[in-house]
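One file, data10.csv, carrying CSV, C-alpha atoms:
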chain,number,residue,atom,x,y,z
F,15,MET,CA,0.0,0.0,0.0
F,16,SER,CA,1.5,3.3,-1.1
F,17,VAL,CA,2.0,6.2,1.2
F,18,SER,CA,-0.3,8.4,-0.8
F,19,TYR,CA,-3.1,5.7,-0.6
F,20,LYS,CA,-2.7,5.4,3.1
F,21,LYS,CA,-2.9,9.2,3.4
F,22,ARG,CA,-6.1,9.3,1.4
F,23,VAL,CA,-7.6,6.6,3.6
F,24,GLU,CA,-6.7,8.6,6.7
F,25,GLN,CA,-8.2,11.7,5.2
F,26,PHE,CA,-11.5,9.9,4.6
F,27,HIS,CA,-11.6,8.4,8.1
F,28,GLN,CA,-10.8,11.8,9.6
F,29,CYS,CA,-13.6,13.4,7.6
F,30,LEU,CA,-16.2,10.7,8.3
F,31,ASP,CA,-15.4,10.4,12.0
F,32,GLU,CA,-16.1,14.1,12.7
F,33,ASP,CA,-19.1,14.8,14.9
F,34,LYS,CA,-20.5,16.7,11.9
F,35,VAL,CA,-19.3,15.7,8.5
F,36,ASN,CA,-18.0,18.6,6.4
F,37,LEU,CA,-19.9,18.0,3.2
F,38,LYS,CA,-17.6,20.2,1.1
F,39,THR,CA,-14.5,18.3,2.3
F,40,LEU,CA,-16.2,15.0,1.7
F,41,LYS,CA,-17.1,15.9,-1.9
F,42,GLU,CA,-13.6,17.1,-2.6
F,43,LEU,CA,-12.2,13.8,-1.4
F,44,CYS,CA,-14.8,11.6,-3.2
F,45,PHE,CA,-14.5,13.5,-6.5
F,46,ASN,CA,-11.0,12.0,-7.0
F,47,GLY,CA,-12.2,8.5,-6.1
F,48,ILE,CA,-13.0,6.7,-2.9
F,49,PRO,CA,-10.4,4.1,-1.6
F,50,ASP,CA,-11.6,0.5,-1.6
F,51,SER,CA,-11.0,0.3,2.1
F,52,SER,CA,-13.3,-0.5,5.0
F,53,ASN,CA,-16.8,0.8,4.3
F,54,LEU,CA,-15.6,4.2,3.2
F,55,ARG,CA,-17.6,4.2,-0.1
F,56,SER,CA,-20.8,2.8,1.5
F,57,ARG,CA,-20.8,5.6,4.1
F,58,SER,CA,-19.8,8.3,1.7
F,59,TRP,CA,-22.4,7.4,-0.9
F,60,LYS,CA,-25.1,7.4,1.7
F,61,LEU,CA,-24.1,10.9,2.8
F,62,LEU,CA,-23.8,12.2,-0.8
F,63,LEU,CA,-27.3,10.8,-1.6
F,64,ARG,CA,-28.7,12.5,1.5
F,65,TYR,CA,-29.7,9.3,3.2
F,66,LEU,CA,-27.5,9.9,6.2
F,67,PRO,CA,-27.6,13.3,8.0
F,68,LEU,CA,-24.3,15.1,8.4
F,69,GLN,CA,-24.4,14.8,12.2
F,70,ARG,CA,-23.0,11.4,13.1
F,71,ASP,CA,-24.9,11.0,16.3
F,72,LYS,CA,-28.1,11.0,14.3
F,73,TRP,CA,-27.1,8.2,11.9
F,74,ARG,CA,-28.4,5.3,14.0
F,75,GLU,CA,-31.7,7.0,14.6
F,76,GLU,CA,-32.2,7.9,11.0
F,77,MET,CA,-31.3,4.5,9.7
F,78,THR,CA,-33.5,2.7,12.2
F,79,LYS,CA,-36.5,4.9,11.3
F,80,ASN,CA,-36.0,4.4,7.5
F,81,ARG,CA,-35.5,0.7,7.9
F,82,LYS,CA,-38.7,0.4,9.9
F,83,ILE,CA,-40.5,2.3,7.2
F,84,TYR,CA,-39.2,0.0,4.5
F,85,LYS,CA,-40.4,-3.0,6.5
F,86,GLN,CA,-43.9,-1.5,6.5
F,87,TYR,CA,-43.7,-1.1,2.7
F,88,LEU,CA,-42.6,-4.8,2.5
F,89,GLN,CA,-45.5,-5.8,4.6
F,90,GLU,CA,-48.1,-3.8,2.8
F,91,ILE,CA,-47.0,-4.3,-0.8
F,92,ILE,CA,-45.6,-7.9,-0.8
F,93,ILE,CA,-46.3,-9.9,2.3
F,94,ALA,CA,-50.0,-9.0,3.0
F,95,PRO,CA,-51.2,-9.2,-0.6
F,96,GLY,CA,-49.2,-12.5,-1.0
F,97,LYS,CA,-51.0,-14.0,2.0
F,98,ALA,CA,-54.4,-12.6,0.8
F,99,MET,CA,-54.0,-14.5,-2.5
F,100,HIS,CA,-53.9,-17.7,-0.4
F,101,GLY,CA,-56.8,-16.5,1.8
F,102,LYS,CA,-54.8,-16.4,4.9
F,103,THR,CA,-55.6,-12.9,6.1
F,104,GLY,CA,-58.7,-13.9,8.1
F,105,GLU,CA,-60.8,-11.4,6.2
F,106,GLU,CA,-64.3,-12.2,5.0
F,107,ASP,CA,-64.3,-14.1,1.7
F,108,ASN,CA,-65.4,-11.9,-1.1
F,109,THR,CA,-64.9,-14.2,-4.0
F,110,THR,CA,-68.6,-13.8,-5.0
F,111,THR,CA,-68.0,-10.2,-5.8
F,112,ASP,CA,-64.4,-10.2,-6.8
F,113,HIS,CA,-62.8,-12.8,-9.0
F,114,PRO,CA,-60.2,-13.1,-11.8
F,115,LEU,CA,-62.7,-12.2,-14.5
F,116,ASN,CA,-64.1,-9.2,-12.7
F,117,PRO,CA,-64.0,-6.3,-15.3
F,118,ASN,CA,-64.0,-3.6,-12.6
F,119,PRO,CA,-60.6,-1.8,-13.0
F,120,THR,CA,-60.5,-1.2,-9.2
F,121,SER,CA,-60.9,-4.9,-8.3
F,122,THR,CA,-58.2,-6.7,-6.4
F,123,TRP,CA,-57.7,-9.1,-9.2
F,124,SER,CA,-57.4,-6.3,-11.8
F,125,ASN,CA,-54.7,-4.7,-9.8
F,126,PHE,CA,-53.0,-8.0,-9.3
F,127,PHE,CA,-52.7,-8.6,-13.0
F,128,LYS,CA,-51.4,-5.1,-13.6
F,129,ASP,CA,-48.8,-5.6,-11.0
F,130,ASN,CA,-47.8,-8.9,-12.6
F,131,GLU,CA,-47.1,-7.2,-15.9
F,132,VAL,CA,-44.7,-4.8,-14.1
F,133,LEU,CA,-43.2,-7.7,-12.0
F,134,LEU,CA,-42.5,-9.8,-15.1
F,135,GLN,CA,-40.6,-6.9,-16.7
F,136,ILE,CA,-38.6,-6.3,-13.6
F,137,ASP,CA,-37.9,-10.0,-13.2
F,138,LYS,CA,-36.6,-10.2,-16.8
F,139,ASP,CA,-34.3,-7.2,-16.4
F,140,THR,CA,-32.9,-8.2,-13.0
F,141,ARG,CA,-32.1,-11.7,-14.1
F,142,ARG,CA,-29.8,-10.0,-16.7
F,143,LEU,CA,-28.1,-7.7,-14.2
F,144,GLN,CA,-24.3,-7.8,-14.6
F,145,PRO,CA,-24.3,-11.3,-16.2
F,146,ASP,CA,-20.5,-11.4,-16.2
F,147,LEU,CA,-20.3,-10.8,-12.5
F,148,GLY,CA,-21.1,-13.8,-10.2
F,149,PHE,CA,-22.2,-11.5,-7.3
F,150,PHE,CA,-25.8,-11.0,-8.3
F,151,GLN,CA,-26.5,-14.7,-8.8
F,152,SER,CA,-24.9,-15.7,-5.5
F,153,PRO,CA,-27.1,-16.1,-2.4
F,154,THR,CA,-27.3,-13.2,0.1
F,155,GLU,CA,-26.2,-13.8,3.7
F,156,PHE,CA,-29.3,-11.9,4.8
F,157,PRO,CA,-32.4,-13.1,3.0
F,158,CYS,CA,-35.8,-11.8,4.0
F,159,LYS,CA,-37.0,-14.3,6.6
F,160,GLU,CA,-40.6,-13.2,6.5
F,161,ILE,CA,-40.7,-14.3,2.8
F,162,ILE,CA,-38.4,-17.3,2.6
F,163,ASP,CA,-40.0,-18.9,5.7
F,164,ALA,CA,-43.6,-18.2,4.6
F,165,THR,CA,-45.6,-21.3,3.8
F,166,HIS,CA,-49.0,-19.8,2.8
F,167,MET,CA,-47.9,-16.9,0.8
F,168,GLU,CA,-47.7,-15.9,-2.9
F,169,THR,CA,-44.1,-14.6,-3.0
F,170,LEU,CA,-42.7,-12.7,-6.0
F,171,ARG,CA,-40.8,-15.8,-7.1
F,172,LYS,CA,-44.0,-17.9,-7.0
F,173,ARG,CA,-46.0,-15.2,-8.9
F,174,VAL,CA,-43.4,-15.2,-11.7
F,175,GLU,CA,-43.4,-19.0,-11.8
F,176,ASN,CA,-47.2,-19.2,-11.9
F,177,THR,CA,-47.4,-17.0,-14.9
F,178,LEU,CA,-45.2,-19.3,-17.0
F,179,LEU,CA,-46.8,-22.1,-18.9
F,180,ILE,CA,-45.5,-25.7,-18.4
F,181,SER,CA,-45.9,-28.1,-21.3
F,182,CYS,CA,-46.6,-31.8,-21.1
F,183,ASN,CA,-47.3,-34.6,-23.6
F,184,VAL,CA,-50.9,-35.7,-24.1
F,185,GLU,CA,-51.4,-39.4,-25.0
F,186,ARG,CA,-54.5,-40.6,-26.8
F,187,LYS,CA,-55.1,-44.3,-26.7
F,188,ARG,CA,-56.9,-46.4,-29.4
F,189,THR,CA,-59.9,-46.8,-27.1
F,190,GLY,CA,-60.3,-43.0,-27.3
F,191,ILE,CA,-59.1,-42.3,-23.8
F,192,THR,CA,-57.0,-39.3,-23.5
F,193,ASN,CA,-54.2,-39.5,-20.9
F,194,VAL,CA,-52.8,-36.3,-19.5
F,195,PRO,CA,-49.9,-37.3,-17.2
F,196,ALA,CA,-49.7,-35.5,-13.9
F,197,LYS,CA,-46.7,-33.2,-13.8
F,198,THR,CA,-45.4,-31.7,-10.6
F,199,ARG,CA,-44.3,-28.1,-10.8
F,200,THR,CA,-40.6,-27.8,-10.5
F,201,GLN,CA,-38.6,-24.6,-10.1
F,202,VAL,CA,-38.7,-22.6,-13.3
F,203,THR,CA,-35.4,-21.8,-14.8
F,204,ALA,CA,-34.7,-18.8,-17.1
F,205,GLU,CA,-33.7,-19.1,-20.7
F,206,PHE,CA,-31.2,-16.4,-20.1
F,207,GLY,CA,-29.8,-14.6,-17.1
F,208,HIS,CA,-29.7,-15.6,-13.4
F,209,ASN,CA,-31.8,-18.3,-11.9
F,210,PRO,CA,-33.4,-18.3,-8.4
F,211,CYS,CA,-31.6,-19.9,-5.5
F,212,GLU,CA,-33.0,-23.1,-4.0
F,213,GLU,CA,-35.8,-22.8,-1.5
F,214,GLY,CA,-34.9,-21.1,1.7
F,215,ARG,CA,-32.3,-18.9,0.1
F,216,GLU,CA,-32.3,-15.7,-2.0
F,217,ALA,CA,-30.0,-14.5,-4.7
F,218,HIS,CA,-28.9,-10.9,-4.7
F,219,TRP,CA,-30.8,-10.2,-7.9
F,220,GLU,CA,-34.0,-11.4,-6.2
F,221,VAL,CA,-33.4,-8.7,-3.5
F,222,VAL,CA,-32.9,-6.1,-6.2
F,223,GLU,CA,-36.2,-7.3,-7.9
F,224,ARG,CA,-38.1,-6.8,-4.7
F,225,ILE,CA,-36.7,-3.3,-4.2
F,226,LEU,CA,-37.7,-2.3,-7.7
F,227,PHE,CA,-41.2,-3.7,-7.4
F,228,ILE,CA,-41.8,-1.8,-4.2
F,229,TYR,CA,-40.4,1.4,-5.8
F,230,ALA,CA,-42.7,0.9,-8.8
F,231,LYS,CA,-45.8,0.4,-6.5
F,232,LEU,CA,-44.9,3.6,-4.5
F,233,ASN,CA,-44.4,5.7,-7.6
F,234,PRO,CA,-47.3,4.9,-9.9
F,235,GLY,CA,-46.9,8.1,-11.9
F,236,GLN,CA,-43.5,6.9,-13.1
F,237,GLY,CA,-43.6,3.2,-12.3
F,238,TYR,CA,-40.8,0.9,-13.4
F,239,VAL,CA,-38.9,1.8,-16.6
F,240,GLN,CA,-36.4,-0.5,-18.2
F,241,GLY,CA,-32.9,0.5,-17.2
F,242,MET,CA,-33.7,1.2,-13.6
F,243,ASN,CA,-32.2,-2.2,-12.9
F,244,GLU,CA,-28.8,-1.1,-14.2
F,245,ILE,CA,-28.9,2.1,-12.1
F,246,ILE,CA,-29.8,0.3,-8.8
F,247,GLY,CA,-27.1,-2.3,-9.4
F,248,PRO,CA,-24.0,-0.3,-8.4
F,249,LEU,CA,-25.8,1.0,-5.3
F,250,TYR,CA,-26.8,-2.4,-4.1
F,251,TYR,CA,-23.4,-3.9,-4.9
F,252,VAL,CA,-21.6,-1.3,-2.8
F,253,PHE,CA,-24.0,-1.6,0.2
F,254,ALA,CA,-24.2,-5.4,0.1
F,255,SER,CA,-20.4,-5.6,0.0
F,256,ASP,CA,-19.9,-3.4,3.1
F,257,THR,CA,-17.3,-4.7,5.4
F,258,ASP,CA,-19.4,-3.8,8.4
F,259,PRO,CA,-21.8,-6.7,9.0
F,260,GLU,CA,-24.4,-4.5,10.6
F,261,TRP,CA,-24.5,-2.1,7.6
F,262,LYS,CA,-24.3,-5.0,5.2
F,263,LYS,CA,-27.3,-6.7,6.8
F,264,HIS,CA,-29.5,-3.7,5.9
F,265,ALA,CA,-28.3,-3.3,2.3
F,266,GLU,CA,-31.8,-3.8,1.0
F,267,GLU,CA,-33.4,-1.0,3.0
F,268,ASP,CA,-30.6,1.4,2.5
F,269,THR,CA,-30.5,0.7,-1.3
F,270,PHE,CA,-34.2,1.5,-1.6
F,271,PHE,CA,-33.9,5.0,0.0
F,272,CYS,CA,-30.6,5.9,-1.8
F,273,PHE,CA,-32.1,4.7,-5.1
F,274,THR,CA,-35.2,6.8,-4.5
F,275,ASN,CA,-33.1,9.9,-3.8
F,276,LEU,CA,-31.0,9.3,-6.9
F,277,MET,CA,-34.1,8.8,-9.1
F,278,GLY,CA,-35.4,12.0,-7.7
F,279,ASP,CA,-32.4,13.8,-9.1
F,280,ILE,CA,-32.5,12.2,-12.6
F,281,ARG,CA,-36.2,11.2,-13.0
F,282,ASP,CA,-36.8,13.8,-15.8
F,283,ILE,CA,-35.0,11.6,-18.3
F,284,PHE,CA,-37.3,8.7,-17.5
F,285,ILE,CA,-40.5,10.6,-18.0
F,286,LYS,CA,-41.5,10.3,-21.6
F,287,THR,CA,-43.7,13.4,-21.7
F,288,LEU,CA,-40.6,15.5,-20.9
F,289,ASP,CA,-38.4,14.0,-23.7
F,290,ASP,CA,-38.7,17.1,-25.8
F,291,SER,CA,-38.5,19.6,-23.0
F,292,GLU,CA,-35.5,21.5,-21.8
F,293,LEU,CA,-35.1,18.9,-19.0
F,294,GLY,CA,-35.6,15.9,-21.2
F,295,ILE,CA,-33.2,13.4,-22.8
F,296,HIS,CA,-33.3,15.0,-26.3
F,297,ALA,CA,-32.1,18.3,-24.8
F,298,LYS,CA,-29.2,16.5,-23.1
F,299,MET,CA,-28.2,14.8,-26.4
F,300,ARG,CA,-28.3,18.2,-28.2
F,301,ASP,CA,-26.2,19.7,-25.4
F,302,LEU,CA,-23.6,16.9,-25.9
F,303,MET,CA,-23.2,17.7,-29.6
F,304,ASP,CA,-23.1,21.4,-29.0
F,305,LEU,CA,-20.4,20.8,-26.4
F,306,LEU,CA,-18.4,18.6,-28.8
F,307,LYS,CA,-18.6,21.2,-31.5
F,308,ARG,CA,-17.1,23.8,-29.1
F,309,CYS,CA,-14.3,21.5,-27.9
F,310,GLU,CA,-13.3,19.8,-31.1
F,311,ARG,CA,-15.1,20.8,-34.3
F,312,PRO,CA,-13.5,18.2,-36.6
F,313,ILE,CA,-15.1,15.3,-34.6
F,314,TRP,CA,-18.5,17.0,-34.8
F,315,ASP,CA,-18.0,17.6,-38.5
F,316,SER,CA,-17.2,13.9,-39.1
F,317,LEU,CA,-20.2,12.6,-37.1
F,318,ASP,CA,-22.5,15.2,-38.8
F,319,GLN,CA,-21.4,14.3,-42.3
F,320,GLN,CA,-21.9,10.6,-41.6
F,321,GLY,CA,-25.3,11.2,-40.1
F,322,LEU,CA,-24.3,9.6,-36.9
F,323,LYS,CA,-26.8,11.1,-34.6
F,324,PRO,CA,-26.4,11.2,-30.8
F,325,GLU,CA,-29.6,9.1,-30.4
F,326,PHE,CA,-27.6,6.2,-31.8
F,327,PHE,CA,-25.2,6.0,-28.9
F,328,SER,CA,-25.6,8.7,-26.2
F,329,PHE,CA,-29.2,7.9,-25.2
F,330,ARG,CA,-27.9,4.9,-23.3
F,331,TRP,CA,-25.0,6.9,-21.8
F,332,PHE,CA,-27.3,9.4,-20.2
F,333,THR,CA,-30.3,7.2,-19.2
F,334,LEU,CA,-28.2,4.5,-17.6
F,335,LEU,CA,-25.5,6.7,-16.2
F,336,LEU,CA,-22.8,4.9,-18.1
F,337,THR,CA,-23.4,1.6,-16.4
F,338,GLN,CA,-23.5,-0.3,-19.7
F,339,GLU,CA,-20.3,1.3,-21.1
F,340,PHE,CA,-17.8,0.2,-18.5
F,341,ASP,CA,-17.1,-2.7,-16.1
F,342,LEU,CA,-18.7,-2.3,-12.7
F,343,PRO,CA,-15.5,-1.3,-10.8
F,344,ASP,CA,-15.0,1.5,-13.4
F,345,VAL,CA,-18.7,2.5,-13.2
F,346,ILE,CA,-18.3,2.8,-9.4
F,347,ARG,CA,-15.3,5.0,-9.8
F,348,ILE,CA,-17.1,7.3,-12.2
F,349,TRP,CA,-20.0,7.5,-9.8
F,350,ASP,CA,-17.7,8.6,-7.1
F,351,THR,CA,-17.2,11.7,-9.2
F,352,LEU,CA,-20.8,12.1,-10.4
F,353,LEU,CA,-22.3,11.9,-6.8
F,354,ALA,CA,-19.6,14.2,-5.4
F,355,ASP,CA,-20.0,16.9,-8.0
F,356,ASP,CA,-22.3,19.9,-7.1
F,357,ASN,CA,-23.8,19.5,-10.6
F,358,GLY,CA,-23.8,15.8,-11.3
F,359,THR,CA,-25.9,16.2,-14.5
F,360,GLU,CA,-23.4,18.6,-15.9
F,361,MET,CA,-20.5,16.4,-15.0
F,362,LEU,CA,-22.2,13.5,-16.7
F,363,LEU,CA,-22.4,15.6,-19.9
F,364,HIS,CA,-18.7,16.5,-19.6
F,365,ILE,CA,-17.7,12.9,-19.1
F,366,CYS,CA,-19.7,11.9,-22.2
F,367,CYS,CA,-18.0,14.6,-24.2
F,368,ALA,CA,-14.6,13.4,-22.9
F,369,MET,CA,-15.5,9.9,-24.1
F,370,LEU,CA,-15.8,11.3,-27.6
F,371,LEU,CA,-12.7,13.4,-27.3
F,372,LEU,CA,-10.5,10.5,-26.2
F,373,GLN,CA,-11.5,8.7,-29.4
F,374,SER,CA,-10.8,11.7,-31.6
F,375,LYS,CA,-8.4,10.0,-34.0
F,376,ALA,CA,-10.6,7.0,-34.5
F,377,LEU,CA,-13.8,9.0,-35.0
F,378,ARG,CA,-12.2,11.4,-37.5
F,379,ASN,CA,-10.7,8.6,-39.6
F,380,GLY,CA,-13.5,6.0,-39.3
F,381,ASP,CA,-16.6,5.6,-41.4
F,382,PHE,CA,-20.2,5.4,-40.2
F,383,ALA,CA,-20.1,1.6,-39.4
F,384,SER,CA,-16.8,1.7,-37.5
F,385,ASN,CA,-17.8,4.8,-35.6
F,386,MET,CA,-21.2,3.4,-34.7
F,387,LYS,CA,-19.6,0.2,-33.4
F,388,LEU,CA,-17.0,2.1,-31.4
F,389,LEU,CA,-19.5,4.3,-29.7
F,390,GLN,CA,-22.0,1.5,-29.0
F,391,HIS,CA,-19.2,-0.7,-27.6
F,392,TYR,CA,-16.9,1.8,-26.0
F,393,PRO,CA,-13.4,0.5,-25.7
F,394,PRO,CA,-11.7,-0.1,-22.3
F,395,THR,CA,-10.5,3.2,-20.9
F,396,ASP,CA,-8.6,4.4,-17.9
F,397,VAL,CA,-11.5,6.1,-16.0
F,398,HIS,CA,-9.1,8.3,-14.1
F,399,VAL,CA,-7.9,9.7,-17.4
F,400,LEU,CA,-11.5,10.0,-18.5
F,401,VAL,CA,-12.5,12.1,-15.5
F,402,GLN,CA,-9.4,14.3,-15.9
F,403,ARG,CA,-10.4,14.9,-19.5
F,404,ALA,CA,-13.9,15.8,-18.4
F,405,MET,CA,-12.5,18.4,-16.0
F,406,LYS,CA,-10.5,19.9,-18.9
F,407,VAL,CA,-13.8,20.1,-20.9
F,408,ARG,CA,-15.4,22.0,-17.9
F,409,GLU,CA,-12.5,24.4,-17.8
F,410,GLN,CA,-12.6,24.9,-21.5
F,411,VAL,CA,-16.2,25.9,-21.7
F,412,SER,CA,-16.5,27.8,-18.4
For this file, produce the structure as structure tokens.
Amino acid sequence: MSVSYKKRVEQFHQCLDEDKVNLKTLKELCFNGIPDSSNLRSRSWKLLLRYLPLQRDKWREEMTKNRKIYKQYLQEIIIAPGKAMHGKTGEEDNTTTDHPLNPNPTSTWSNFFKDNEVLLQIDKDTRRLQPDLGFFQSPTEFPCKEIIDATHMETLRKRVENTLLISCNVERKRTGITNVPAKTRTQVTAEFGHNPCEEGREAHWEVVERILFIYAKLNPGQGYVQGMNEIIGPLYYVFASDTDPEWKKHAEEDTFFCFTNLMGDIRDIFIKTLDDSELGIHAKMRDLMDLLKRCERPIWDSLDQQGLKPEFFSFRWFTLLLTQEFDLPDVIRIWDTLLADDNGTEMLLHICCAMLLLQSKALRNGDFASNMKLLQHYPPTDVHVLVQRAMKVREQVS
């Protein structure tokens, strides 16, 4: 361990151990990357995302309160409805007025089917979360006991399994008797992506699925939008990898609130009705090309002449916060800077511009096909160099 690295670790500990964390100092430290030591990143991100208060003596009280609130969400949105579908709530049977074919849009069954559509999309996306990383398909040390130990409950896993059709062979004998062999339902495996753990255990991706489903139910105006699984991934990974067992144990609850705060900062790009507004995704892509024109006109000319529009490559950069362009460790390093910057949206724009500038020679000499491939499959890059180049972009246009 180098002397400079040890010094940075000490600086972080000194900052985070103060009775009241100096947010300005913390941001300055995080901007240049958070050391992979102890639980520095976990604590820092929770402070930067306004989940933890700056006063250290209030951390336990705030976390306890929020974790209790999340348990209530879990009970109301997943556990209670899951038991109700098995008739275990003790409430009066209302099957005569409410049933699966009830056309009333406010009926329990109607809402159940709508929720299932959202759940199936979340399930499909979370199964594909970081497929090259074994973490999300591995079992968590802290599964939700209320769910995995439940015997009379429609869990999210069972809801997904029950929507999938299982085929069997039908035999017809010469006597005209049709024989449909009994087939016991086995655990459904996915054609792609992660599979669930065995009964009594939960994979990390299943925890992420549960968080996203609760978030979608609590935010009906926005709901779940494809890509949210990629944004929540780094948050959950950092919190569930915490070296402090007590903090690690509550990664699910902490991730939910940090993800909610992060989505509050960037939700405009996920609202389709705002796409063409000044706050929407199209405006951000135009800003990127205008910035590129100011920084290095020859690249802009080349892309413009080829008709290579920013929608072809930068839409994903902005909406997914670069989670698809780099390996997870590099994404986490970039997020250190994005979360620490006073204007993270602007910094993201500058980083995207820096990505184009670092490929200047290739983009100026390449044709449409090669440039499209390069930008849609961005080559491995030293993210420290990338952030430094983004800072030069900021200085150049300020």
For this session: Extract, using only C-alpha atoms, all DNA, RNA and protein residues at most 8 Å from region 146-161 of chain F, discarding same-chain residues fewer than 6 positions from it, and format them as a count of residues only.
Result: 14
Exercise. What lies within 9 Å of Phe227 (chain F) using all atoms listed in the file, ignoring chain neighbours under 6 positions off, as a list in words?
Worked result: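 Once the nearby chain positions are removed, what remains is Ile91, Ile92, Asp129, Val132, Leu133, Ile136, Gly237 and Tyr238 of chain F.
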At most 10 Å from (-39.3, -5.6, -2.9), file frame, all atoms listed in the file: which residues, as a compact mmCIF listing (two decimals) with C-alpha atoms, in the coordinates of the input?
# COMPACT_ATOMS: atom_id res chain seq x y z
CA TYR F 84 -39.20 0.00 4.50
CA LYS F 85 -40.40 -3.00 6.50
CA TYR F 87 -43.70 -1.10 2.70
CA LEU F 88 -42.60 -4.80 2.50
CA GLN F 89 -45.50 -5.80 4.60
CA ILE F 91 -47.00 -4.30 -0.80
CA ILE F 92 -45.60 -7.90 -0.80
CA ILE F 93 -46.30 -9.90 2.30
CA CYS F 158 -35.80 -11.80 4.00
CA LEU F 170 -42.70 -12.70 -6.00
CA GLU F 220 -34.00 -11.40 -6.20
CA VAL F 221 -33.40 -8.70 -3.50
CA VAL F 222 -32.90 -6.10 -6.20
CA GLU F 223 -36.20 -7.30 -7.90
CA ARG F 224 -38.10 -6.80 -4.70
CA ILE F 225 -36.70 -3.30 -4.20
CA LEU F 226 -37.70 -2.30 -7.70
CA PHE F 227 -41.20 -3.70 -7.40
CA ILE F 228 -41.80 -1.80 -4.20
CA TYR F 229 -40.40 1.40 -5.80
CA ALA F 230 -42.70 0.90 -8.80
CA LYS F 231 -45.80 0.40 -6.50
CA GLU F 266 -31.80 -3.80 1.00
CA GLU F 267 -33.40 -1.00 3.00
CA PHE F 270 -34.20 1.50 -1.60
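Taking all atoms listed in the file into account, Ile285 (chain F) lies nearest to F:Val239 out of the set F:Val239, F:Ile83, F:Ile246, F:Leu40.
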Seminar exercise, completed: Among F:Phe45, F:Asp71, F:Leu389, F:Glu76, Met405 (chain F) is approached most closely, using all atoms listed in the file, by F:Phe45
For this session: Work out how far CA of Thr177 (chain F) is from CA of Asp137 (chain F), in Å to one decimal.
Result: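 Result for CA of Asp137 (chain F) versus CA of Thr177 (chain F): 11.9 Å, one decimal.
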For this session: Would you mind telling me which residue in F:Val401, F:Phe332, F:Lys323, F:Leu232 lies nearest to Met386 (chain F) when using all atoms listed in the file?
Result: F:Lys323
Exercise. In Å, with one decimal, what is the gap from CA of Leu54 (chain F) to CA of Trp261 (chain F)?
Worked result: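 CA of Trp261 (chain F) lies at a distance of 11.8 Å from CA of Leu54 (chain F).
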Exercise. Leaving out region 17-34 of chain F and any residue of its chain fewer than 4 positions from it, which residues lie within 9 Å of it when counting all atoms listed in the file, given as a list of chain:residue names?
Worked result: F:Thr39, F:Leu40, F:Leu43, F:Cys44, F:Ile48, F:Pro49, F:Asp50, F:Ser51, F:Leu54, F:Arg57, F:Ser58, F:Pro67, F:Leu68, F:Gln69, F:Arg70, F:Asp71
For this session: For Ala254 (chain F), please output as a ChimeraX atom specification all residues within 7 Å (counting all atoms listed in the file; exclusion window: fewer than 4 positions along the same chain).
Result: /F:250,262,265
Can you write just those residues out, C-alpha atoms, as a PDB file, in the coordinates of the input?
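Result written to out-v3.pdb:
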ATOM      1  CA  TYR F 250     -26.800  -2.400  -4.100  1.00  0.00           C
ATOM      2  CA  LYS F 262     -24.300  -5.000   5.200  1.00  0.00           C
ATOM      3  CA  ALA F 265     -28.300  -3.300   2.300  1.00  0.00           C
TER       4      ALA F 265
END
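With only C-alpha atoms as the atoms that count, the residue of F:Ile283, F:Ala98, F:Leu352, F:Leu336 with the shortest distance to Gln390 (chain F) is F:Leu336.
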Exercise. For Leu302 (chain F), which residue out of F:Glu325, F:Cys366, F:Val252, F:Leu335 is the nearest one, using only C-alpha atoms?
Worked result: F:Cys366
